[in-house]
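Participant: Contents of input-v3.csv (CSV, C-alpha atoms) are given next:
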```
chain,number,residue,atom,x,y,z
A,165,MET,CA,12.7,-8.7,23.9
A,166,ALA,CA,10.4,-9.6,21.1
A,167,LYS,CA,9.5,-6.0,20.3
A,168,ARG,CA,12.9,-4.5,20.3
A,169,TRP,CA,13.4,-5.2,16.6
A,170,TYR,CA,10.9,-2.6,15.5
A,171,GLY,CA,12.8,0.5,16.4
A,172,ARG,CA,11.7,4.0,15.4
A,173,ASP,CA,12.5,6.5,12.7
A,174,PHE,CA,11.0,9.7,14.1
A,175,GLY,CA,11.6,11.7,11.0
A,176,LEU,CA,9.8,9.1,8.8
A,177,GLN,CA,7.0,8.8,11.3
A,178,ALA,CA,6.6,12.6,11.5
A,179,ARG,CA,6.3,12.8,7.7
A,180,MET,CA,3.7,9.9,7.7
A,181,GLY,CA,1.8,11.7,10.5
A,182,PHE,CA,1.8,15.0,8.7
A,183,THR,CA,0.6,13.3,5.5
A,184,MET,CA,-2.3,11.7,7.4
A,185,LEU,CA,-3.1,15.1,9.0
A,186,LEU,CA,-3.3,16.7,5.5
A,187,LEU,CA,-5.6,13.9,4.3
A,188,THR,CA,-7.8,14.3,7.4
A,189,LEU,CA,-8.1,18.1,6.8
A,190,ILE,CA,-9.0,17.6,3.2
A,191,TYR,CA,-11.6,15.0,4.2
A,192,ILE,CA,-13.2,17.4,6.7
A,193,VAL,CA,-13.3,20.3,4.3
A,194,PHE,CA,-14.6,18.2,1.4
A,195,SER,CA,-17.3,16.7,3.6
A,196,TYR,CA,-18.4,20.1,4.8
A,197,ILE,CA,-18.8,21.4,1.2
A,198,LEU,CA,-20.7,18.3,0.1
A,199,PHE,CA,-23.2,18.3,3.0
A,200,ARG,CA,-23.5,22.1,3.2
A,201,TYR,CA,-23.7,23.2,-0.4
A,202,THR,CA,-24.7,20.3,-2.6
A,203,HIS,CA,-27.2,17.5,-3.1
A,204,LEU,CA,-24.4,15.1,-3.8
A,205,ALA,CA,-24.0,13.9,-0.3
A,206,ILE,CA,-25.8,10.7,-1.0
A,207,PHE,CA,-23.0,9.7,-3.3
A,208,PHE,CA,-20.6,10.1,-0.4
A,209,LEU,CA,-22.1,7.0,1.2
A,210,ILE,CA,-21.9,4.6,-1.7
A,211,PRO,CA,-18.1,4.3,-1.9
A,212,LEU,CA,-17.8,4.3,1.9
A,213,VAL,CA,-20.0,1.2,1.9
A,214,GLY,CA,-17.6,-0.3,-0.6
A,215,LEU,CA,-14.6,0.6,1.6
A,216,PHE,CA,-16.4,-1.0,4.6
A,217,LEU,CA,-16.9,-4.2,2.7
A,218,GLN,CA,-13.3,-4.1,1.5
A,219,TYR,CA,-12.1,-3.8,5.1
A,220,PHE,CA,-13.7,-7.1,6.1
A,221,TYR,CA,-13.1,-9.0,2.8
A,222,SER,CA,-9.8,-7.4,1.5
A,223,ASP,CA,-7.7,-10.5,1.9
A,224,LYS,CA,-10.2,-12.7,0.0
A,225,LEU,CA,-10.6,-10.0,-2.7
A,226,VAL,CA,-6.9,-9.4,-3.2
A,227,LEU,CA,-6.0,-13.1,-3.2
A,228,SER,CA,-8.7,-13.9,-5.7
A,229,SER,CA,-7.7,-11.1,-8.0
A,230,VAL,CA,-4.2,-12.5,-8.4
A,231,GLY,CA,-5.1,-16.1,-8.4
A,232,ALA,CA,-3.3,-16.8,-5.1
A,233,ARG,CA,-4.0,-20.0,-3.2
A,234,ILE,CA,-3.4,-20.6,0.5
A,235,VAL,CA,-0.9,-23.4,1.1
A,236,SER,CA,-0.1,-25.6,4.1
A,237,ARG,CA,3.1,-26.4,5.9
A,238,ALA,CA,3.3,-29.7,4.2
A,239,GLN,CA,3.4,-28.0,0.8
A,240,GLN,CA,5.9,-25.2,1.7
A,241,PRO,CA,7.8,-26.3,4.8
A,242,GLN,CA,10.8,-24.0,4.3
A,243,LEU,CA,8.6,-21.0,3.7
A,244,PHE,CA,6.5,-21.8,6.8
A,245,ASP,CA,9.6,-22.1,8.9
A,246,ILE,CA,10.9,-18.7,7.9
A,247,VAL,CA,7.6,-16.9,8.4
A,248,GLU,CA,7.0,-18.7,11.7
A,249,ARG,CA,10.4,-17.6,13.0
A,250,LEU,CA,9.8,-14.0,11.9
A,251,ALA,CA,6.3,-13.9,13.4
A,252,GLN,CA,7.8,-15.0,16.8
A,253,GLN,CA,10.5,-12.3,16.6
A,254,ALA,CA,8.0,-9.7,15.7
A,255,ASP,CA,5.6,-10.8,18.4
A,256,LEU,CA,2.8,-11.4,15.8
A,257,PRO,CA,0.3,-14.3,15.2
A,258,MET,CA,1.4,-16.7,12.5
A,259,PRO,CA,-0.2,-15.3,9.2
A,260,LYS,CA,-1.6,-17.5,6.5
A,261,ILE,CA,0.7,-18.1,3.5
A,262,ALA,CA,-0.4,-18.0,-0.1
A,263,ILE,CA,1.4,-18.7,-3.4
A,264,VAL,CA,0.8,-16.7,-6.6
A,265,ASP,CA,1.6,-18.8,-9.7
A,266,THR,CA,3.5,-16.2,-11.7
A,267,PRO,CA,7.1,-15.9,-12.7
A,268,MET,CA,7.2,-12.2,-11.5
A,269,PRO,CA,9.4,-12.1,-8.4
A,270,ASN,CA,7.2,-10.3,-5.8
A,271,ALA,CA,5.4,-10.5,-2.5
A,272,PHE,CA,2.7,-8.7,-0.5
A,273,ALA,CA,0.8,-8.8,2.7
A,274,THR,CA,-3.0,-8.3,3.1
A,275,GLY,CA,-5.7,-8.6,5.8
A,276,ARG,CA,-7.5,-6.2,8.0
A,277,ASN,CA,-5.3,-6.9,11.1
A,278,PRO,CA,-2.5,-9.2,12.3
A,279,LYS,CA,-5.0,-11.9,13.3
A,280,HIS,CA,-6.4,-12.1,9.7
A,281,ALA,CA,-3.2,-11.5,7.9
A,282,VAL,CA,-1.9,-13.3,4.8
A,283,ILE,CA,1.5,-13.1,3.3
A,284,ALA,CA,1.6,-14.0,-0.4
A,285,VAL,CA,4.7,-14.7,-2.4
A,286,THR,CA,5.0,-15.4,-6.1
A,287,ARG,CA,6.5,-18.6,-7.6
A,288,GLY,CA,9.1,-16.4,-9.2
A,289,LEU,CA,10.2,-15.0,-5.9
A,290,LEU,CA,10.6,-18.5,-4.4
A,291,ASN,CA,12.6,-19.7,-7.5
A,292,GLN,CA,14.9,-16.6,-7.8
A,293,LEU,CA,15.8,-15.6,-4.3
A,294,PRO,CA,18.2,-17.5,-2.0
A,295,PRO,CA,16.7,-18.2,1.5
A,296,ALA,CA,18.5,-15.3,3.3
A,297,GLU,CA,17.1,-12.7,0.8
A,298,LEU,CA,13.7,-14.4,0.9
A,299,GLU,CA,13.7,-14.0,4.7
A,300,ALA,CA,14.5,-10.3,4.3
A,301,VAL,CA,11.5,-9.8,1.9
A,302,LEU,CA,9.2,-11.7,4.2
A,303,ALA,CA,10.4,-9.5,7.1
A,304,HIS,CA,9.4,-6.5,5.1
A,305,GLU,CA,5.9,-7.9,4.7
A,306,MET,CA,5.8,-8.8,8.4
A,307,THR,CA,6.4,-5.1,9.1
A,308,HIS,CA,3.5,-4.1,7.0
A,309,ILE,CA,1.3,-6.5,9.1
A,310,ARG,CA,2.7,-5.1,12.3
A,311,SER,CA,2.0,-1.5,11.2
A,312,HIS,CA,-1.6,-2.3,10.1
A,313,ASP,CA,-0.7,-0.9,6.7
A,314,MET,CA,-3.6,-2.5,4.8
A,315,ILE,CA,-6.2,-0.7,6.8
A,316,VAL,CA,-4.2,2.5,7.0
A,317,MET,CA,-3.9,2.7,3.2
A,318,THR,CA,-7.5,1.8,2.7
A,319,MET,CA,-8.7,4.6,5.0
A,320,ALA,CA,-6.2,7.0,3.5
A,321,GLY,CA,-7.5,6.2,0.0
A,322,SER,CA,-11.1,6.7,0.9
A,323,VAL,CA,-11.0,10.5,0.3
A,324,ALA,CA,-9.6,10.1,-3.2
A,325,ALA,CA,-12.1,7.2,-3.9
A,326,VAL,CA,-15.1,9.3,-2.8
A,327,ALA,CA,-14.0,12.4,-4.8
A,328,ALA,CA,-13.3,10.3,-7.9
A,329,TRP,CA,-16.7,8.6,-7.6
A,330,ILE,CA,-18.6,11.9,-7.2
A,331,SER,CA,-16.8,13.4,-10.2
A,332,GLN,CA,-17.8,10.4,-12.3
A,333,MET,CA,-21.4,10.5,-11.1
A,334,GLY,CA,-21.7,14.2,-11.8
A,335,PHE,CA,-20.8,13.6,-15.4
A,336,TRP,CA,-22.9,10.4,-15.9
A,337,LEU,CA,-26.0,11.9,-14.4
A,338,GLY,CA,-25.6,15.2,-16.3
A,339,LEU,CA,-25.9,17.2,-13.1
A,340,GLY,CA,-23.6,20.0,-14.3
A,341,GLN,CA,-25.3,21.6,-17.2
A,342,GLY,CA,-23.8,25.1,-17.1
A,343,ASN,CA,-22.1,27.1,-14.5
A,344,ASN,CA,-25.3,28.8,-13.4
A,345,ARG,CA,-27.0,25.7,-12.1
A,346,ASN,CA,-27.1,25.7,-8.4
A,347,ASN,CA,-27.0,23.0,-5.8
A,348,GLY,CA,-28.0,23.4,-2.2
A,349,ASN,CA,-29.4,26.1,0.0
A,350,ASN,CA,-26.6,28.6,-0.6
A,351,GLY,CA,-26.6,28.4,-4.3
A,352,LEU,CA,-23.1,27.2,-4.9
A,353,PRO,CA,-22.7,26.6,-8.7
A,354,PHE,CA,-22.3,22.9,-9.5
A,355,MET,CA,-19.2,23.6,-11.7
A,356,VAL,CA,-17.5,25.1,-8.7
A,357,VAL,CA,-18.3,21.9,-6.7
A,358,LEU,CA,-17.0,19.8,-9.6
A,359,LEU,CA,-13.8,21.7,-9.7
A,360,ILE,CA,-13.3,21.4,-6.0
A,361,THR,CA,-14.0,17.7,-6.3
A,362,PHE,CA,-11.4,17.3,-9.0
A,363,ALA,CA,-8.9,19.2,-6.9
A,364,VAL,CA,-9.6,17.0,-3.9
A,365,ALA,CA,-9.3,13.8,-6.0
A,366,ILE,CA,-5.9,14.9,-7.4
A,367,ILE,CA,-4.4,16.2,-4.2
A,368,SER,CA,-5.6,13.3,-2.0
A,369,HIS,CA,-4.3,10.8,-4.6
A,370,LEU,CA,-0.9,12.4,-4.5
A,371,LEU,CA,-0.9,12.4,-0.7
A,372,VAL,CA,-1.9,8.7,-0.7
A,373,LEU,CA,1.0,7.9,-3.1
A,374,THR,CA,3.3,9.9,-0.7
A,375,LEU,CA,2.1,7.9,2.3
A,376,SER,CA,2.5,4.6,0.3
A,377,ARG,CA,6.2,5.5,-0.4
A,378,TYR,CA,6.8,6.4,3.3
A,379,ARG,CA,5.3,3.1,4.4
A,380,GLU,CA,7.6,1.2,2.0
A,381,TYR,CA,10.5,3.0,3.6
A,382,ALA,CA,9.2,2.0,7.1
A,383,ALA,CA,8.8,-1.6,6.0
A,384,ASP,CA,12.3,-1.7,4.6
A,385,ARG,CA,13.6,-0.4,8.0
A,386,GLY,CA,11.5,-3.0,9.8
A,387,SER,CA,13.0,-5.8,7.7
A,388,ALA,CA,16.5,-4.5,8.3
A,389,LEU,CA,16.0,-4.4,12.1
A,390,LEU,CA,14.2,-7.7,12.2
A,391,THR,CA,16.8,-9.6,10.3
A,392,GLY,CA,19.7,-7.5,11.6
A,393,GLN,CA,21.2,-7.4,8.1
A,394,PRO,CA,20.0,-4.5,5.9
A,395,GLU,CA,22.3,-5.7,3.1
A,396,LEU,CA,20.0,-8.8,2.6
A,397,LEU,CA,17.1,-6.6,1.6
A,398,GLU,CA,19.3,-4.5,-0.5
A,399,SER,CA,20.5,-7.4,-2.6
A,400,ALA,CA,16.9,-8.8,-2.7
A,401,LEU,CA,15.5,-5.6,-4.1
A,402,ILE,CA,18.3,-5.3,-6.7
A,403,ARG,CA,17.7,-8.9,-7.7
A,404,ILE,CA,13.9,-8.4,-7.9
A,405,SER,CA,14.3,-5.2,-9.9
A,406,GLY,CA,16.7,-6.8,-12.3
A,407,ASN,CA,14.7,-9.9,-12.9
A,408,MET,CA,11.5,-7.9,-13.3
A,409,GLN,CA,12.8,-6.6,-16.6
A,410,HIS,CA,12.6,-10.1,-18.0
A,411,ILE,CA,9.0,-10.7,-17.0
A,412,PRO,CA,6.4,-10.7,-19.9
A,413,THR,CA,4.6,-7.4,-20.2
A,414,ARG,CA,1.2,-9.1,-19.8
A,415,ASP,CA,2.1,-10.5,-16.4
A,416,LEU,CA,3.3,-7.1,-15.2
A,417,ARG,CA,0.2,-5.4,-16.6
A,418,GLU,CA,-2.1,-7.8,-14.8
A,419,ALA,CA,-0.4,-7.1,-11.5
A,420,GLN,CA,-0.5,-3.3,-11.8
A,421,PRO,CA,-3.9,-2.7,-10.1
A,422,LEU,CA,-2.3,-4.1,-6.9
A,423,SER,CA,1.0,-2.2,-7.4
A,424,ALA,CA,0.9,-0.5,-4.0
A,425,LEU,CA,0.7,-3.8,-2.2
A,426,PHE,CA,3.8,-5.4,-3.7
A,427,ILE,CA,7.3,-5.0,-2.3
A,428,ALA,CA,8.4,-4.0,-5.8
A,429,SER,CA,6.1,-2.1,-8.1
A,430,PRO,CA,5.3,-4.0,-11.4
A,431,ARG,CA,5.1,-0.5,-13.0
A,432,LYS,CA,8.1,1.1,-14.7
A,433,GLU,CA,9.7,3.8,-12.5
A,434,THR,CA,8.5,7.3,-13.4
A,435,LEU,CA,10.8,10.2,-13.9
A,436,LEU,CA,8.9,12.0,-11.1
A,437,GLU,CA,8.7,9.9,-7.9
A,438,LEU,CA,5.8,12.1,-6.9
A,439,PHE,CA,3.5,10.0,-9.1
A,440,SER,CA,4.8,6.6,-7.9
A,441,ASP,CA,3.4,4.4,-5.1
A,442,HIS,CA,7.0,3.1,-4.4
A,443,PRO,CA,10.2,4.9,-3.7
A,444,SER,CA,12.9,4.5,-6.4
A,445,LEU,CA,15.3,1.6,-6.0
A,446,GLU,CA,18.1,4.0,-5.7
A,447,HIS,CA,16.5,5.8,-2.7
A,448,ARG,CA,15.5,2.6,-1.0
A,449,ILE,CA,19.1,1.3,-1.2
A,450,ALA,CA,20.5,4.6,0.0
A,451,ARG,CA,18.3,4.5,3.1
A,452,LEU,CA,19.2,0.8,3.8
A,453,GLN,CA,22.9,1.6,3.5
A,454,ARG,CA,22.6,4.5,6.0
A,455,LEU,CA,20.8,2.2,8.4
A,456,GLN,CA,23.5,-0.4,7.9
A,457,THR,CA,26.1,2.1,8.9
A,458,GLN,CA,24.1,3.2,12.0
A,459,MET,CA,23.7,-0.4,13.1
A,460,ALA,CA,27.4,-1.1,12.6
A,461,ARG,CA,28.3,1.8,14.9
A,462,SER,CA,25.8,0.9,17.6
```
Rewrite the structure from the file as structure tokens, please.
Facilitator:
Amino acid sequence: MAKRWYGRDFGLQARMGFTMLLLTLIYIVFSYILFRYTHLAIFFLIPLVGLFLQYFYSDKLVLSSVGARIVSRAQQPQLFDIVERLAQQADLPMPKIAIVDTPMPNAFATGRNPKHAVIAVTRGLLNQLPPAELEAVLAHEMTHIRSHDMIVMTMAGSVAAVAAWISQMGFWLGLGQGNNRNNGNNGLPFMVVLLITFAVAIISHLLVLTLSRYREYAADRGSALLTGQPELLESALIRISGNMQHIPTRDLREAQPLSALFIASPRKETLLELFSDHPSLEHRIARLQRLQTQMARS
């Protein structure tokens, strides 16, 4: 009974799977070019070591970067009660809970797996949302934990990270002095490798953004099914989006490096959703409303 809430959206899962497949293919082709035609393969290992360390220390790094502090049940009894109830419904271990001292209404989940998960909520979220909407937001974050989204997005972003790193190192070390300079046994010009690296960095970054948007849709769905009331997350997202406009620009700017983690992006919505790590509010609400209709009919 505990697992029935999760449900499946086969169309959404197929799109996420296809995006991961494309990222994997890019990774394989890019790796082949690096190891076959260039002397830059050593630079491939450095960011991967960083990603390995990030896997084990992601929660500490993320919490430290936003000044979050772990709290106890005695400090936040109502918040603990909600999270504990959701964890039982989702058949998950009880995550740690952290508070971020900022007026920005937001929340995120971090940690390499459910046993090491942390749900962080801002002071602004606690002050601005009624308990029912707060529960819907926390259910969204619980779905991220259930789906292992932190490690999925870390691994997905590794291709873009490696490509960006190699591009920077190529310039810094002055390895590309002219199109005729060759690298490797087969004499592939460095500028060709550099252009390929740029292309890989851009394409993989766009794919990671796409995957991030899909996972937000999936977490919205998980919240709706876990609470049984999609309209609660709808109203929470509308309230968060409206209140975000009154937050000082400095606070929003400081949160932007972790934009993909938050339930609502601290960045302004772009005209092209292609370049955003979150779906537009309009699209998220539309999906939740369709799900609400389906649940009412069943």
Participant: I'd like to know which of A:Leu298, A:Ala271, A:Leu416, A:Leu225 is closest to Ala428 in chain A, using all atoms listed in the file.
Facilitator: A:Ala271
Participant: Find the residues around Arg417 in chain A up to 9 Å (all atoms listed in the file counted), leave out those fewer than 4 positions away in its own chain, and share them as a PyMOL selection string.
Facilitator: chain A and resi 412-413+421+430-431
Participant: From the set A:Gly406, A:Pro394, A:Pro259, A:Pro241, which residue has the shortest atom-to-atom contact distance to Arg451 in chain A, counting only C-alpha atoms?
Facilitator: A:Pro394
Participant: Quick one: pull the distance between CA of Glu437 in chain A and CA of Gln458 in chain A, Å, one decimal.
Facilitator: 26.0 Å
Participant: Sorted by chain and rising residue number, which residues of range 361-415 of chain A lie within 7 Å of range 182-198 of chain A, and what are their closest atom pairs and distances in Å to one decimal, counting all atoms listed in the file, as CSV?
Facilitator:
```
residue,atom,partner,partner_atom,distance
A:Ser368,CA,A:Leu187,CA,6.3
A:Leu371,CA,A:Thr183,CA,6.4
A:Leu375,CA,A:Thr183,CA,6.5
```
Participant: Provide the CA of Ala320 in chain A to CA of Ser387 in chain A distance in Å, to one decimal place.
Facilitator: 23.5 Å
Participant: Would you work out the distance separating CA of Phe439 in chain A from CA of Ile366 in chain A, expressed in Å to one decimal?
Facilitator: 10.7 Å
Participant: I want to know what sits within 9 Å of Ile309 in chain A, based on only C-alpha atoms, with residues of the same chain fewer than 3 positions away left out; could you give that as a PyMOL selection string?
Facilitator: chain A and resi 256+259+273-278+281-283+305-306+312-314
Participant: Give me the residues near Leu455 in chain A as a ChimeraX atom specification, where near means some atom within 9 Å (using only C-alpha atoms) and where sequence neighbours in that chain fewer than 2 positions away do not count.
Facilitator: /A:385,388-389,394,450-453,457-460
Participant: Between A:Asp245, A:Asp265, A:Glu398, A:Asp223, which has the minimum distance to Glu446 in chain A (counting only C-alpha atoms)?
Facilitator: A:Glu398
Participant: So that I can see what lies close to His410 in chain A, please list as a PyMOL selection string the residues with an atom at most 10 Å from it, counting only C-alpha atoms and leaving out residues fewer than 5 positions away in the same chain.
Facilitator: chain A and resi 267-268+405
Participant: Name the residues, using the chain letters and numbers of the file, that sit within 10 Å of (10.4, -11.5, 6.9) when counting only C-alpha atoms, and give them as an MDAnalysis selection string.
Facilitator: chainID A and resid 246:251 253:254 283 296:307 386:388 390:391 397
Participant: Of the candidates A:Ala400, A:Ile234, A:Val264, A:Ile367, which one gets nearest to Gly288 in chain A if we count only C-alpha atoms?
Facilitator: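 Nearest candidate to Gly288 in chain A out of A:Ala400, A:Ile234, A:Val264, A:Ile367: A:Val264.
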Participant: Report as a list in words all protein, DNA and RNA residues lying within 9 Å of Arg448 in chain A, evaluated on only C-alpha atoms, omitting residues in the same chain fewer than 6 positions from it.
Facilitator: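 After dropping sequence-adjacent residues, the list is Glu380, Tyr381, Asp384, Glu398 and Leu401 of chain A.
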Participant: Go through A:Val356, A:Leu445, A:Ala328, A:His280 one by one, measure the shortest atom-to-atom distance of each to Lys432 in chain A using all atoms listed in the file, and give the residue with the smallest value.
Facilitator: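 Using all atoms listed in the file, the shortest distance to Lys432 in chain A belongs to A:Leu445.
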